[in-house]
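Let me begin by presenting the structure, written as structure tokens, before commenting on it.
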Amino acid sequence: MDDGRARKQTVAPSILVAEREPTSRTSLSELLREEGYRVAEAADSGTALIQLDRDPSIKVILSDLEMPSWSTIVKQARSQLPDSLILGMVRYGALANALEAQRLGAHAYLVKPLAFAEVNQWIQRYLTGQSRIKT
């Protein structure tokens with residue numbers, strides 16, 4: 001029976017996983033879905049840019065910092081979704097890209113292989129407003 005009060009629906013936060021390596025992209029996306037997030041996947045920069053254009057509700061962008069044109073993803077995300085969290089993902093040997101990503105507006109970078117607990121902790125801190133991330 002409806003008591004007349006408006007019900008607030010909660011919508012799962014939307015996350016974009018832009019990762020060129022299929023196994024890593026699928027694994028990370030599945031773990032995020034199991035946590036209750038809505039996940040869009042992109043295997044290349046072009047697809048990631050389309051996803052950013054298509055879905056203004058994206059709250060978190062996880063971007064492979066070694067895929068071609070990765071910097072375009074970071075720049076577009078920062079421009080179109082200024083309140084989103086941008087996390088770069090990089091192998092230890094490519095840390096120069098991680099530093100460049102932060103210069104372009106990424107909040108932080110995570111070194112592969114990723115520890116899912118760390119990824120989820122970043123996301124949770126951001127979504128609950130407990131982080132002190134400066135854009």
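A note on labels: chains of the structure tokens are A, B, ... as shown, every chain counts residues from 1, and ligands are counted from 1 in their shown order.
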May I have the residues within 10 Å of Val39 in chain A as a ChimeraX atom specification, using only C-alpha atoms and disregarding those fewer than 4 positions away in the same chain? /A:12-17,28-33,58,60-61
Shell around range 65-74 of chain A at 8 Å using only C-alpha atoms, local window under 5 positions removed, as a CSV table (one decimal) with N, CA, C and O atoms, in the first residue's frame:
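Below is the file out30.csv, written as the result:
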chain,number,residue,atom,x,y,z
A,19,GLU,N,40.4,0.2,-20.6
A,19,GLU,CA,41.6,-0.7,-20.5
A,19,GLU,C,41.7,-1.5,-21.8
A,19,GLU,O,40.8,-2.1,-22.2
A,20,ARG,N,42.9,-1.4,-22.4
A,20,ARG,CA,43.1,-2.1,-23.6
A,20,ARG,C,43.3,-3.6,-23.5
A,20,ARG,O,43.0,-4.3,-24.4
A,44,ASP,N,39.5,0.9,-26.2
A,44,ASP,CA,40.4,1.9,-26.8
A,44,ASP,C,39.9,3.3,-26.5
A,44,ASP,O,38.8,3.5,-26.0
A,45,SER,N,40.7,4.2,-26.8
A,45,SER,CA,40.4,5.6,-26.5
A,45,SER,C,39.2,6.1,-27.2
A,45,SER,O,38.4,6.9,-26.6
A,48,ALA,N,36.2,5.0,-25.4
A,48,ALA,CA,36.1,5.7,-24.1
A,48,ALA,C,35.5,7.1,-24.3
A,48,ALA,O,34.7,7.6,-23.5
A,49,LEU,N,36.0,7.8,-25.3
A,49,LEU,CA,35.5,9.2,-25.6
A,49,LEU,C,34.0,9.2,-25.9
A,49,LEU,O,33.3,10.0,-25.5
A,86,ILE,N,39.1,10.8,-11.6
A,86,ILE,CA,39.9,10.1,-12.7
A,86,ILE,C,41.1,9.4,-12.1
A,86,ILE,O,42.0,10.1,-11.4
A,88,GLY,N,44.3,6.9,-13.1
A,88,GLY,CA,45.1,6.3,-14.1
A,88,GLY,C,45.5,5.0,-13.7
A,88,GLY,O,45.8,4.7,-12.5
A,89,MET,N,45.7,4.1,-14.6
A,89,MET,CA,46.3,2.7,-14.3
A,89,MET,C,47.5,2.5,-15.2
A,89,MET,O,47.4,2.8,-16.4
A,90,VAL,N,48.6,2.1,-14.6
A,90,VAL,CA,49.9,2.1,-15.3
A,90,VAL,C,50.8,1.0,-14.8
A,90,VAL,O,50.7,0.7,-13.6
A,94,ALA,N,56.1,2.6,-16.7
A,94,ALA,CA,55.5,3.7,-17.4
A,94,ALA,C,55.1,4.8,-16.5
A,94,ALA,O,54.1,5.5,-16.8
A,97,ASN,N,54.0,8.4,-17.7
A,97,ASN,CA,52.7,8.7,-18.1
A,97,ASN,C,51.8,9.0,-16.9
A,97,ASN,O,50.9,9.8,-17.1
A,98,ALA,N,52.0,8.4,-15.8
A,98,ALA,CA,51.2,8.6,-14.6
A,98,ALA,C,51.4,10.1,-14.2
A,98,ALA,O,50.4,10.8,-13.8
A,101,ALA,N,49.6,12.3,-16.6
A,101,ALA,CA,48.2,12.2,-16.4
A,101,ALA,C,47.7,13.1,-15.2
A,101,ALA,O,46.7,13.8,-15.3
A,104,LEU,N,47.6,16.6,-16.3
A,104,LEU,CA,46.5,16.9,-17.1
A,104,LEU,C,45.1,16.9,-16.4
A,104,LEU,O,44.1,17.2,-16.9
A,105,GLY,N,45.1,16.4,-15.1
A,105,GLY,CA,43.9,16.5,-14.3
A,105,GLY,C,43.5,15.2,-13.7
A,105,GLY,O,42.5,15.2,-13.0
A,106,ALA,N,44.2,14.1,-13.9
A,106,ALA,CA,43.9,12.9,-13.1
A,106,ALA,C,44.2,13.1,-11.7
A,106,ALA,O,45.1,13.8,-11.3
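Taking only C-alpha atoms into account, Trp122 in chain A lies nearest to A:Leu87 out of the set A:Thr26, A:Asp55, A:Leu87, A:Arg38.
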Taking the backbone alone, and naming residues the way the document does, which bits of range 7-121 of chain A are alpha helix (DSSP H) by DSSP, as an MDAnalysis selection string? chainID A and resid 22:34 45:54 70:80 95:104 116:121
Quick one: pull the distance between CA of Asp83 in chain A and CA of Leu62 in chain A, Å, one decimal.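 A separation of 14.3 Å between them.
The residue that comes closest to Ala18 in chain A, out of A:Glu100, A:Glu118, A:Asp53, A:Glu41 and on the basis of only C-alpha atoms, is A:Glu41.
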Between A:Leu81, A:Ala40, A:Leu95, A:Gln130, single out the one closest to Lys112 in chain A, counting only C-alpha atoms.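 Checking each of A:Leu81, A:Ala40, A:Leu95, A:Gln130 against Lys112 in chain A, counting only C-alpha atoms, the winner is A:Leu95.
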Which parts of range 8-115 of chain A does DSSP call strand (DSSP E) when run on the backbone here, written out as a PyMOL selection string? chain A and resi 14-18+38-42+58-64+85-90+108-111
So how many Å separate CA of Ala96 in chain A and CA of Leu114 in chain A, to one decimal?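 According to the coordinates, CA of Ala96 in chain A and CA of Leu114 in chain A are separated by 17.8 Å.
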